[in-house]
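Trainee: This one is protein.cif, mmCIF, C-alpha atoms.
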data_query
#
loop_
_atom_site.label_atom_id
_atom_site.label_comp_id
_atom_site.auth_asym_id
_atom_site.auth_seq_id
_atom_site.Cartn_x
_atom_site.Cartn_y
_atom_site.Cartn_z
CA MET A 1 60.51 121.12 243.07
CA LYS A 2 60.77 117.61 241.76
CA ASN A 3 57.04 117.27 241.57
CA ALA A 4 56.71 120.65 239.84
CA HIS A 5 59.35 119.67 237.27
CA ASN A 6 57.66 116.37 236.63
CA THR A 7 54.34 118.17 236.09
CA PHE A 8 55.87 120.86 233.79
CA LEU A 9 57.41 118.43 231.28
CA PRO A 10 54.15 116.65 230.37
CA LEU A 11 52.46 120.05 230.01
CA ILE A 12 55.09 121.21 227.48
CA SER A 13 54.71 117.93 225.56
CA PHE A 14 50.94 118.38 225.43
CA ILE A 15 51.25 121.93 224.03
CA VAL A 16 53.75 120.77 221.36
CA ILE A 17 51.45 117.91 220.31
CA LEU A 18 48.43 120.28 220.21
CA GLN A 19 50.28 122.81 217.98
CA ALA A 20 51.35 120.01 215.66
CA CYS A 21 47.74 118.82 215.36
CA GLU A 22 46.54 122.36 214.63
CA ASN A 23 49.21 122.86 211.94
CA LYS A 24 48.24 119.52 210.37
CA THR A 25 44.57 120.49 210.40
CA GLU A 26 45.31 123.87 208.74
CA ARG A 27 47.39 122.17 206.03
CA LYS A 28 44.58 119.70 205.42
CA ILE A 29 41.99 122.50 205.12
CA LEU A 30 44.22 124.42 202.70
CA GLN A 31 44.74 121.29 200.59
CA GLU A 32 41.02 120.55 200.45
CA THR A 33 39.97 124.15 199.69
CA LYS A 34 39.80 125.04 195.96
CA ILE A 35 41.00 128.56 195.38
CA GLU A 36 39.89 129.97 192.01
CA MET A 37 42.32 132.46 190.54
CA PRO A 38 40.93 135.51 188.68
CA LYS A 39 40.31 134.71 185.01
CA ASP A 40 42.14 136.46 182.23
CA SER A 41 39.46 138.76 180.80
CA SER A 42 41.06 138.56 177.36
CA ASN A 43 39.99 134.91 177.10
CA LEU A 44 36.40 135.40 178.29
CA LYS A 45 33.61 134.70 175.77
CA THR A 46 31.06 137.45 175.39
CA THR A 47 27.38 136.94 174.58
CA PRO A 48 26.32 139.00 171.54
CA ILE A 49 23.64 141.60 172.26
CA GLU A 50 20.48 141.16 170.21
CA LYS A 51 19.90 143.89 167.66
CA LEU A 52 17.19 146.32 168.57
CA GLU A 53 14.06 146.05 166.43
CA LYS A 54 14.55 149.58 165.08
CA ASP A 55 17.96 148.51 163.74
CA ILE A 56 16.61 145.50 161.81
CA THR A 57 15.73 145.78 158.13
CA TYR A 58 13.69 143.18 156.27
CA ASP A 59 13.97 141.78 152.78
CA PHE A 60 13.08 138.55 151.00
CA THR A 61 14.24 136.30 148.21
CA VAL A 62 11.95 134.77 145.58
CA GLU A 63 12.63 131.48 143.84
CA LYS A 64 10.36 130.10 141.12
CA ILE A 65 9.80 126.35 141.51
CA ASP A 66 7.77 123.72 139.66
CA SER A 67 4.54 122.07 140.75
CA LEU A 68 6.26 118.76 141.59
CA GLU A 69 8.58 120.41 144.13
CA TYR A 70 5.74 122.45 145.59
CA ARG A 71 3.44 119.47 146.09
CA SER A 72 6.24 117.23 147.38
CA ILE A 73 7.16 119.75 150.10
CA LYS A 74 3.51 120.39 150.94
CA ARG A 75 2.90 116.67 151.53
CA LYS A 76 5.66 116.69 154.14
CA THR A 77 4.31 119.79 155.89
CA THR A 78 1.63 119.75 158.56
CA PRO A 79 -0.97 122.46 157.89
CA ILE A 80 -1.11 124.97 160.75
CA LYS A 81 -3.49 127.65 159.51
CA LYS A 82 -5.26 129.15 162.51
CA LYS A 83 -8.96 129.91 162.16
CA LEU A 84 -9.89 133.16 163.87
CA VAL A 85 -13.18 133.77 165.66
CA LYS A 86 -15.34 135.71 163.20
CA ILE A 87 -18.49 137.51 164.35
CA THR A 88 -20.86 138.36 161.50
CA ASP A 89 -24.00 138.88 163.55
CA ILE A 90 -24.40 142.66 163.77
CA ASN A 91 -26.34 142.55 167.05
CA GLN A 92 -23.59 140.53 168.73
CA ALA A 93 -20.96 142.84 167.26
CA LYS A 94 -22.79 145.92 168.55
CA LYS A 95 -22.74 144.53 172.09
CA LEU A 96 -19.02 143.79 171.93
CA LEU A 97 -18.21 147.14 170.33
CA LYS A 98 -20.41 149.35 172.47
CA GLY A 99 -18.62 152.64 173.12
CA ILE A 100 -16.05 151.82 170.42
CA VAL A 101 -17.98 151.77 167.12
CA GLU A 102 -21.05 153.81 166.25
CA PHE A 103 -23.19 152.45 163.41
CA ASP A 104 -25.56 154.37 161.17
CA GLU A 105 -29.03 152.95 161.89
CA ASN A 106 -30.51 154.06 158.55
CA PRO A 107 -32.99 151.25 157.67
CA ASP A 108 -32.09 151.63 153.99
CA PHE A 109 -28.75 149.95 154.79
CA GLY A 110 -30.49 146.69 155.67
CA VAL A 111 -28.79 144.09 157.85
CA ASN A 112 -25.30 145.51 157.29
CA PRO A 113 -25.23 149.03 158.74
CA ALA A 114 -22.58 151.58 157.85
CA VAL A 115 -19.84 152.67 160.22
CA LYS A 116 -20.44 156.22 161.41
CA LYS A 117 -17.71 156.75 163.98
CA ILE A 118 -14.92 154.81 165.70
CA HIS A 119 -13.37 155.59 169.07
CA PHE A 120 -10.12 153.64 168.94
CA ARG A 121 -8.79 152.20 172.17
CA ASN A 122 -5.65 154.35 172.00
CA GLY A 123 -7.66 157.59 171.93
CA LYS A 124 -7.74 158.18 168.15
CA THR A 125 -11.07 158.71 166.40
CA TYR A 126 -12.46 158.09 162.93
CA GLY A 127 -15.57 159.65 161.45
CA ASN A 128 -17.06 159.07 158.01
CA ASP A 129 -18.56 162.36 156.86
CA LYS A 130 -18.45 161.58 153.14
CA GLU A 131 -21.92 161.42 151.64
CA PHE A 132 -22.61 158.28 149.57
CA ASP A 133 -19.23 156.82 150.56
CA TYR A 134 -20.17 154.29 153.19
CA TYR A 135 -18.28 151.41 154.78
CA PHE A 136 -20.66 148.58 155.61
CA PHE A 137 -20.14 146.10 158.43
CA ILE A 138 -18.95 142.65 157.39
CA ALA A 139 -17.36 141.08 160.48
CA TYR A 140 -15.59 141.65 163.77
CA TYR A 141 -12.57 139.54 164.81
CA PRO A 142 -12.23 139.85 168.61
CA GLU A 143 -8.89 138.03 168.84
CA GLU A 144 -7.32 140.58 166.49
CA ASP A 145 -9.66 143.42 167.52
CA ILE A 146 -10.20 144.14 163.82
CA LEU A 147 -13.38 145.47 162.25
CA LEU A 148 -13.84 144.43 158.61
CA CYS A 149 -16.12 146.43 156.34
CA GLU A 150 -16.95 146.65 152.65
CA GLY A 151 -16.53 149.78 150.56
CA GLY A 152 -17.33 150.64 146.96
CA HIS A 153 -16.66 147.95 144.32
CA SER A 154 -16.61 145.42 147.20
CA THR A 155 -13.24 146.67 148.43
CA ASP A 156 -11.98 145.51 151.82
CA ILE A 157 -11.97 148.27 154.43
CA SER A 158 -10.58 147.34 157.83
CA PHE A 159 -9.73 149.01 161.11
CA ASN A 160 -7.48 147.84 163.93
CA LEU A 161 -9.49 149.04 166.91
CA LYS A 162 -6.45 148.95 169.22
CA ASN A 163 -4.24 151.41 167.36
CA GLY A 164 -6.30 153.07 164.62
CA LYS A 165 -4.39 151.51 161.70
CA GLU A 166 -6.43 151.02 158.54
CA THR A 167 -6.66 148.62 155.60
CA GLU A 168 -3.14 148.83 154.10
CA GLU A 169 -1.61 147.89 157.45
CA THR A 170 -4.49 145.89 158.95
CA GLY A 171 -5.65 143.76 156.02
CA ASN A 172 -8.46 141.24 155.87
CA PRO A 173 -8.16 138.68 158.70
CA ASP A 174 -9.63 135.99 156.41
CA LEU A 175 -6.40 136.18 154.38
CA ILE A 176 -4.01 135.80 157.33
CA ASN A 177 -1.56 132.90 157.05
CA SER A 178 0.84 132.75 160.01
CA SER A 179 4.25 131.11 160.36
CA PRO A 180 4.56 128.16 162.81
CA ASN A 181 5.42 130.29 165.84
CA GLU A 182 3.35 133.26 164.65
CA ILE A 183 6.41 135.47 164.24
CA PHE A 184 5.60 136.45 160.65
CA ARG A 185 2.40 136.24 158.65
CA ILE A 186 1.04 136.89 155.17
CA ASN A 187 -1.91 139.28 155.08
CA GLY A 188 -3.68 141.31 152.43
CA SER A 189 -6.87 142.96 151.22
CA TYR A 190 -9.06 143.06 148.13
CA ASP A 191 -8.68 146.25 146.10
CA GLY A 192 -11.92 146.04 144.10
CA GLN A 193 -10.02 145.50 140.83
CA GLU A 194 -9.88 141.67 140.75
CA CYS A 195 -6.61 141.62 142.72
CA LEU A 196 -5.51 141.39 146.32
CA GLY A 197 -2.68 143.44 147.75
CA TYR A 198 -0.47 141.21 149.92
CA PHE A 199 2.00 142.22 152.61
CA ILE A 200 4.09 140.61 155.34
CA GLN A 201 3.69 141.45 159.01
CA LYS A 202 5.94 140.69 161.98
CA LYS A 203 4.90 140.43 165.60
CA ILE A 204 6.71 143.21 167.46
CA ASN A 205 5.96 143.92 171.13
CA GLY A 206 2.82 141.81 170.92
CA GLU A 207 1.44 143.60 167.85
CA PHE A 208 1.64 142.66 164.16
CA VAL A 209 3.38 145.35 162.13
CA LYS A 210 3.65 145.61 158.33
CA ILE A 211 7.31 145.19 157.36
CA ILE A 212 7.20 144.28 153.64
CA ASP A 213 4.87 145.34 150.81
CA LEU A 214 4.88 141.89 149.24
CA GLU A 215 2.65 142.81 146.29
CA LYS A 216 4.86 145.70 145.21
CA ASP A 217 8.24 144.12 145.94
CA PHE A 218 7.32 140.73 144.45
CA LYS A 219 6.53 142.40 141.11
CA LYS A 220 9.79 144.34 141.32
CA GLU A 221 11.75 141.11 141.80
CA THR A 222 9.95 138.89 139.29
CA SER A 223 8.05 141.23 136.91
CA ILE A 224 5.02 139.12 137.85
CA MET A 225 1.91 140.37 139.63
CA LEU A 226 1.20 138.31 142.72
CA CYS A 227 -2.45 139.40 142.63
CA ASN A 228 -4.17 136.20 143.77
CA ILE A 229 -2.62 133.48 145.93
CA ARG A 230 -4.51 130.24 145.43
CA ASP A 231 -2.71 128.31 148.14
CA GLY A 232 0.25 128.74 150.49
CA PHE A 233 2.03 127.26 153.51
CA TRP A 234 5.01 127.89 155.81
CA ILE A 235 7.72 125.30 156.46
CA ASP A 236 9.40 127.40 159.17
CA ASP A 237 9.21 130.93 160.56
CA HIS A 238 11.02 132.46 157.58
CA THR A 239 10.06 130.33 154.56
CA PHE A 240 6.73 130.48 152.74
CA TYR A 241 5.66 128.52 149.64
CA LEU A 242 2.81 129.79 147.47
CA GLU A 243 0.75 128.80 144.48
CA LYS A 244 -0.73 131.66 142.50
CA TYR A 245 -3.13 131.87 139.63
CA ASP A 246 -1.60 132.82 136.34
CA PHE A 247 -2.66 136.20 134.97
CA ASP A 248 -5.80 134.68 133.51
CA TYR A 249 -6.74 132.76 136.65
CA GLU A 250 -9.74 131.15 134.97
CA SER A 251 -7.47 129.22 132.61
CA GLY A 252 -6.43 126.77 135.32
CA LYS A 253 -2.73 127.65 135.01
CA TYR A 254 -0.66 128.30 138.11
CA LYS A 255 2.82 129.40 139.14
CA PHE A 256 4.75 128.28 142.22
CA PHE A 257 7.24 130.22 144.34
CA LYS A 258 9.39 129.94 147.43
CA ILE A 259 9.74 133.11 149.51
CA LYS A 260 12.36 133.44 152.23
CA ILE A 261 12.31 136.39 154.66
CA ILE A 262 15.70 137.88 155.50
CA GLU A 263 16.49 139.95 158.59
CA LYS A 264 19.56 142.20 158.37
#
For the file at hand, write its structure as structure tokens.
Mentor:
Amino acid sequence: MKNAHNTFLPLISFIVILQACENKTERKILQETKIEMPKDSSNLKTTPIEKLEKDITYDFTVEKIDSLEYRSIKRKTTPIKKKLVKITDINQAKKLLKGIVEFDENPDFGVNPAVKKIHFRNGKTYGNDKEFDYYFFIAYYPEEDILLCEGGHSTDISFNLKNGKETEETGNPDLINSSPNEIFRINGSYDGQECLGYFIQKKINGEFVKIIDLEKDFKKETSIMLCNIRDGFWIDDHTFYLEKYDFDYESGKYKFFKIKIIEK
């Protein structure tokens, strides 16, 4: 019995020491573990949801400035006007537009044939069945997929081959002047009456859409016809400076304006 008692006491001591070590280890783990309490939702910051494009309306402000301010700002601005690929060779254009545009091969039309029919890429079609009212090929812009033609009185006639939109929404690619990140751009077309009709487009879902009739609304704001922009540049994606001919643009007189696009 003596030997059993002597053996039992050390065993009890060992168990007590082991439990103490385990308790110490648990306390240490609890101390070292960071427990995050649930946050009070009333103090959480929420990220505003971007307005859907259909809910945005567009407007602009016009400010008349002098030539000194215009030229001073222009000197500090790096020109960024992008030059589009322009195909004027009708044979090259025919190859690229095979199955899309049908041209009238009447030899009387010379090197610039008339457009007879267009099969737009979205399934729409266009056919010119008006006698003596022809639209003659001028150029094709593959990057924009725009066909530019000339109508009576040298008017610009253009077609967006992707969606079937015509001149008032497509414009003349030679007049395009894009903002730095190509979000907005100035565009327009010649109306055959010594003036150009300008408008502003915005890139929406990868496609430029007309959002402002600049020619009409500019006159409404200033009582001045925009008519012919001699020069213009963007300083950011919403601010455009322009120099326009005065009404008698042969007199060498010009007016200068700052246009700022507003999204509401």
Trainee: Just so the selection is clear, what residues does the PyMOL selection byres ((chain A and resi 201-211) around 6) cover here, as a list in words?
Mentor: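 Output from the PyMOL selection byres ((chain A and resi 201-211) around 6), applied to this file: Glu169, Ile183, Phe184, Arg185, Ile200 and Ile212 of chain A.
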Trainee: List the residues matched by the PyMOL selection byres ((chain A and resi 243) around 9) in the displayed structure as a PDB file with C-alpha atoms, keeping the file's coordinate frame, ordered by chain and then by residue number.
Mentor:
ATOM      1  CA  SER A  67       4.540 122.070 140.750  1.00  0.00           C
ATOM      2  CA  TYR A  70       5.740 122.450 145.590  1.00  0.00           C
ATOM      3  CA  ASN A 228      -4.170 136.200 143.770  1.00  0.00           C
ATOM      4  CA  ILE A 229      -2.620 133.480 145.930  1.00  0.00           C
ATOM      5  CA  ARG A 230      -4.510 130.240 145.430  1.00  0.00           C
ATOM      6  CA  ASP A 231      -2.710 128.310 148.140  1.00  0.00           C
ATOM      7  CA  GLY A 232       0.250 128.740 150.490  1.00  0.00           C
ATOM      8  CA  TYR A 241       5.660 128.520 149.640  1.00  0.00           C
ATOM      9  CA  LEU A 242       2.810 129.790 147.470  1.00  0.00           C
ATOM     10  CA  LYS A 244      -0.730 131.660 142.500  1.00  0.00           C
ATOM     11  CA  TYR A 245      -3.130 131.870 139.630  1.00  0.00           C
ATOM     12  CA  TYR A 254      -0.660 128.300 138.110  1.00  0.00           C
ATOM     13  CA  LYS A 255       2.820 129.400 139.140  1.00  0.00           C
ATOM     14  CA  PHE A 256       4.750 128.280 142.220  1.00  0.00           C
ATOM     15  CA  PHE A 257       7.240 130.220 144.340  1.00  0.00           C
TER      16      PHE A 257
END
Trainee: Which residues are near stretch 125-142 of chain A? Cut-off 8 Å, all atoms listed in the file, ignore same chain within fewer than 2 positions. Put them as a PyMOL selection string.
Mentor: chain A and resi 84-90+93+112-120+123+144-152+157+164+173
Trainee: At what distance in Å, to one decimal, does atom CA of A:Glu168 lie from atom CA of A:Asn187?
Mentor: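 These two atoms are separated by 9.7 Å.
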Trainee: Report as a ChimeraX atom specification the residues that result from applying the PyMOL selection byres ((chain A and resi 260) around 7) to the structure here.
Mentor: /A:60-62,238-240,258-259,261-262
Trainee: Please compute the atom CA of A:Thr155-atom CA of A:Gln193 distance, one decimal, in Å.
Mentor: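 Here the two named atoms are 8.3 Å from each other.
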Trainee: Quick one, how far is atom CA of A:Asn172 from atom CA of A:Lys216?
Mentor: 17.6 Å
Trainee: Given the choices A:Glu215, A:Asp236, A:Glu182, A:Asp55, which gets closest to A:Lys82 if the distance is worked out from all atoms listed in the file?
Mentor: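 Ranking A:Glu215, A:Asp236, A:Glu182, A:Asp55 by distance to A:Lys82, first place goes to A:Glu182.
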Trainee: Tell me which protein, DNA and RNA residues are within 8 Å of A:Leu214, counting all atoms listed in the file, leaving out same-chain ones fewer than 3 positions away, and put them as a PyMOL selection string.
Mentor: chain A and resi 197-200+217-218
